[in-house]
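Novice: Before anything else, here's the structure in question.
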Amino acid sequence: MKRKLLAIILSTILTAGVLGGCGEKSGNPDSTAKTEKEAEEVTIRLGVMTNYADQYLAVVGKNKGFFEKNGINLELTEYAAGINTVDAVTTGQADIGFLADYAAVNRIGNSQDDTNLRIIANFSTGVDSKLYVNPDKVSSLSDLAGQGVITLPGTVWDYWNAKTLDAGNVPVEDRQILNVDSAQDALSVMTSGQGVAFWANGTNATKMKEAEMEPLVTMEDLGLEVDLYYLSSTDYIENHPDDIKKFLKAVKETEEWLVENKEEAAQILEDEINIPKEQSLDNFESIEYSVSLKQHTLDHFNEVKAWAVEEGRFDKDYNAFDFFDTTVIKELYPDEVDF
């Protein structure tokens with residue numbers, strides 16, 4: 001009798017356990033959905049320039065959930081300059097890199113026969129940098145003759161400095177270019193008195209002003225502008241076209257939101273990476289955002305390339321069109337591509 005009673009009790013407990021387990025599973029669809037979402041999410045490793053527009057946009061996009069919404073776990077790695085993000089893509093440490101026009105022109109020009117680098121989108125066009133100078137030593141562009149003008153070699157600073165010295169009619173033999181590894185190093189060189197001029201924007205410009213350096217001219221004054229690109233490798237483009245689509249879609253959605261919500265975006269940057277709101281707002285006003293590959297992008301690239309070829313920055317000319325890949329962006333935003 002005791003055995004029979006025990007069997008009944010055990011049977012009841014087991015049945016209740018099974019039913020309870022079934023009820024918990026079917027009554028919690030969120031846990032299943034989360035698992036499915038995690039399975040669909042892809043990780044994209046993005047190389048960004050410290051204290052530059054691409055870092056700002058990525059931080060805002062992550063904060064507002066645009067990358068997550070598009071199924072992306074975005075991993076950010078900061079680099080001193082765009083040329084370093086290219087190195088990261090080349091060595092497989094990043095999937096997508098960000099760089100300015102001259103850095104792309106120069107790197108492709110010096111590796112054109114064996115590079116697998118391709119520009120996949122124009123991120124923005126900007127004229128937001130200013131030439132900061134030591135006011136005790138420089139009051140006009142012609143004063144730059146024989147004094148240290150600072151560059152990050154292989155980057156857009158090379159191009160800006162050359163155009164600046166041209167505008168000041170500084171003879172080639174009187175041009176003194178000082179190489180540094182980062183904008184922070186540039187600040188040190190300026191405050192030590194070795195260098196007298198450096199192009200800066202954003203946080204770097206703020207630090208220059210704090211060091212009592214003063215803006216002399218703007219990019220707009222010299223008729224300069226800079227195109228900023230996203231770049232990847234042919235292997236990644238071929239094997240991950242859908243991931244690139246998700247990435248570009250998230251970038252575009254972030255750009256569109258940012259343009260309409262600049263105050264909130266600036267607050268996000270202040271809270272997350274300590275960029276003063278006023279500085280971010282100034283940066284936003286001087287940049288024209290886009291996710292596109294338009295003819296003017298190619299024309300500008302060719303303009304910079306023509307200067308680099310004339311200056312002997314690499315051994316031979318090349319066809320710029322060969323290093324733009326429009327396949328992914330054309331499928332995603334066909335109206336934003338016209339070459």
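Identifiers in this document derive from the order of the structure tokens: chains are assigned A, B, ..., residues are numbered from 1 separately in each chain, and ligands are numbered from 1 in order of occurrence.
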Go through segment 207-289 of chain A and flag each residue having an atom no more than 9 Å from segment 177-191 of chain A; for those, report the closest pair of atoms plus their distance in Å to one decimal, using only C-alpha atoms, ordered by chain and rising number, as a Markdown table.

Specialist:
| residue | atom | partner | partner_atom | distance |
| --- | --- | --- | --- | --- |
| A:Lys207 | CA | A:Leu187 | CA | 7.6 |
| A:Met208 | CA | A:Leu187 | CA | 6.7 |
| A:Ala211 | CA | A:Thr191 | CA | 6.9 |
| A:Glu212 | CA | A:Thr191 | CA | 8.9 |
| A:Met213 | CA | A:Met190 | CA | 8.4 |

Novice: Next, dump the selected residues to file, keeping only N, CA, C and O atoms, as a CSV table (one decimal), in the first residue's frame.

Specialist:
chain,number,residue,atom,x,y,z
A,207,LYS,N,42.3,71.7,-28.3
A,207,LYS,CA,43.6,71.6,-27.6
A,207,LYS,C,44.6,72.6,-28.1
A,207,LYS,O,45.4,73.1,-27.3
A,208,MET,N,44.5,72.9,-29.4
A,208,MET,CA,45.4,73.9,-30.0
A,208,MET,C,45.0,75.3,-29.3
A,208,MET,O,45.9,76.1,-28.9
A,211,ALA,N,46.2,75.7,-25.9
A,211,ALA,CA,47.7,75.9,-25.9
A,211,ALA,C,48.1,77.3,-26.4
A,211,ALA,O,49.2,77.6,-26.7
A,212,GLU,N,47.0,78.1,-26.6
A,212,GLU,CA,47.2,79.5,-27.1
A,212,GLU,C,47.7,79.6,-28.6
A,212,GLU,O,48.3,80.6,-28.9
A,213,MET,N,47.4,78.6,-29.3
A,213,MET,CA,47.6,78.7,-30.8
A,213,MET,C,46.3,79.3,-31.4
A,213,MET,O,45.2,79.2,-30.9

Novice: I'd like the neighbourhood of Gln279 of chain A as a PyMOL selection string, where a residue qualifies if any of its atoms comes within 12 Å (using only C-alpha atoms), though same-chain residues fewer than 2 positions away should be ignored.

Specialist: chain A and resi 51-53+56+128+201-207+262-263+265-267+269-270+274-277+281-286

Novice: Excluding segment 331-333 of chain A and residues on its chain fewer than 5 positions from it, collect all residues at most 9 Å away from it, counting only C-alpha atoms, and give them as JSON, numbers by chain.

Specialist: {"A": [245, 248, 249, 291, 292, 326]}

Novice: Output the selection as a PDB file, in the first residue's frame - N, CA, C and O atoms for each residue.

Specialist:
ATOM      1  N   LYS A 245      25.860  45.955 -46.572  1.00  0.00           N
ATOM      2  CA  LYS A 245      24.566  46.631 -46.742  1.00  0.00           C
ATOM      3  C   LYS A 245      24.002  47.051 -45.394  1.00  0.00           C
ATOM      4  O   LYS A 245      23.510  48.176 -45.222  1.00  0.00           O
ATOM      5  N   LEU A 248      26.077  50.049 -44.093  1.00  0.00           N
ATOM      6  CA  LEU A 248      25.800  51.314 -44.770  1.00  0.00           C
ATOM      7  C   LEU A 248      24.396  51.822 -44.446  1.00  0.00           C
ATOM      8  O   LEU A 248      24.176  53.033 -44.327  1.00  0.00           O
ATOM      9  N   LYS A 249      23.463  50.920 -44.291  1.00  0.00           N
ATOM     10  CA  LYS A 249      22.095  51.308 -43.923  1.00  0.00           C
ATOM     11  C   LYS A 249      22.088  51.933 -42.536  1.00  0.00           C
ATOM     12  O   LYS A 249      21.439  52.963 -42.312  1.00  0.00           O
ATOM     13  N   VAL A 291      25.810  58.943 -47.850  1.00  0.00           N
ATOM     14  CA  VAL A 291      26.245  57.575 -48.125  1.00  0.00           C
ATOM     15  C   VAL A 291      26.033  57.396 -49.614  1.00  0.00           C
ATOM     16  O   VAL A 291      24.937  57.101 -50.080  1.00  0.00           O
ATOM     17  N   SER A 292      27.080  57.645 -50.388  1.00  0.00           N
ATOM     18  CA  SER A 292      26.912  57.728 -51.837  1.00  0.00           C
ATOM     19  C   SER A 292      28.245  57.465 -52.531  1.00  0.00           C
ATOM     20  O   SER A 292      29.295  57.390 -51.897  1.00  0.00           O
ATOM     21  N   THR A 326      31.262  49.776 -56.513  1.00  0.00           N
ATOM     22  CA  THR A 326      29.907  50.330 -56.374  1.00  0.00           C
ATOM     23  C   THR A 326      28.832  49.259 -56.235  1.00  0.00           C
ATOM     24  O   THR A 326      27.655  49.593 -56.115  1.00  0.00           O
TER      25      THR A 326
END

Novice: Would you please work out which residue, of A:Ala80, A:Val170, A:Val105, A:Ala145, is nearest to Glu303 of chain A when using only C-alpha atoms?

Specialist: A:Val105

Novice: Determine which residues of segment 169-201 of chain A DSSP labels as strand (DSSP E or B) from the backbone of this structure, then write them out as an NGL selection string.

Specialist: :A and (176-179 or 195-200)

Novice: For atom CA of Gly154 of chain A and atom CA of Ile237 of chain A, quote the distance in Å rounded to one decimal.

Specialist: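 Going from atom CA of Gly154 of chain A over to atom CA of Ile237 of chain A covers 25.0 Å.
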
Novice: Of the residues A:Asn134, A:Asp243, A:Thr115, A:Ala320, which is the one nearest to Glu41 of chain A, using only C-alpha atoms?

Specialist: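 Among A:Asn134, A:Asp243, A:Thr115, A:Ala320, it is A:Asp243 that comes nearest to Glu41 of chain A.
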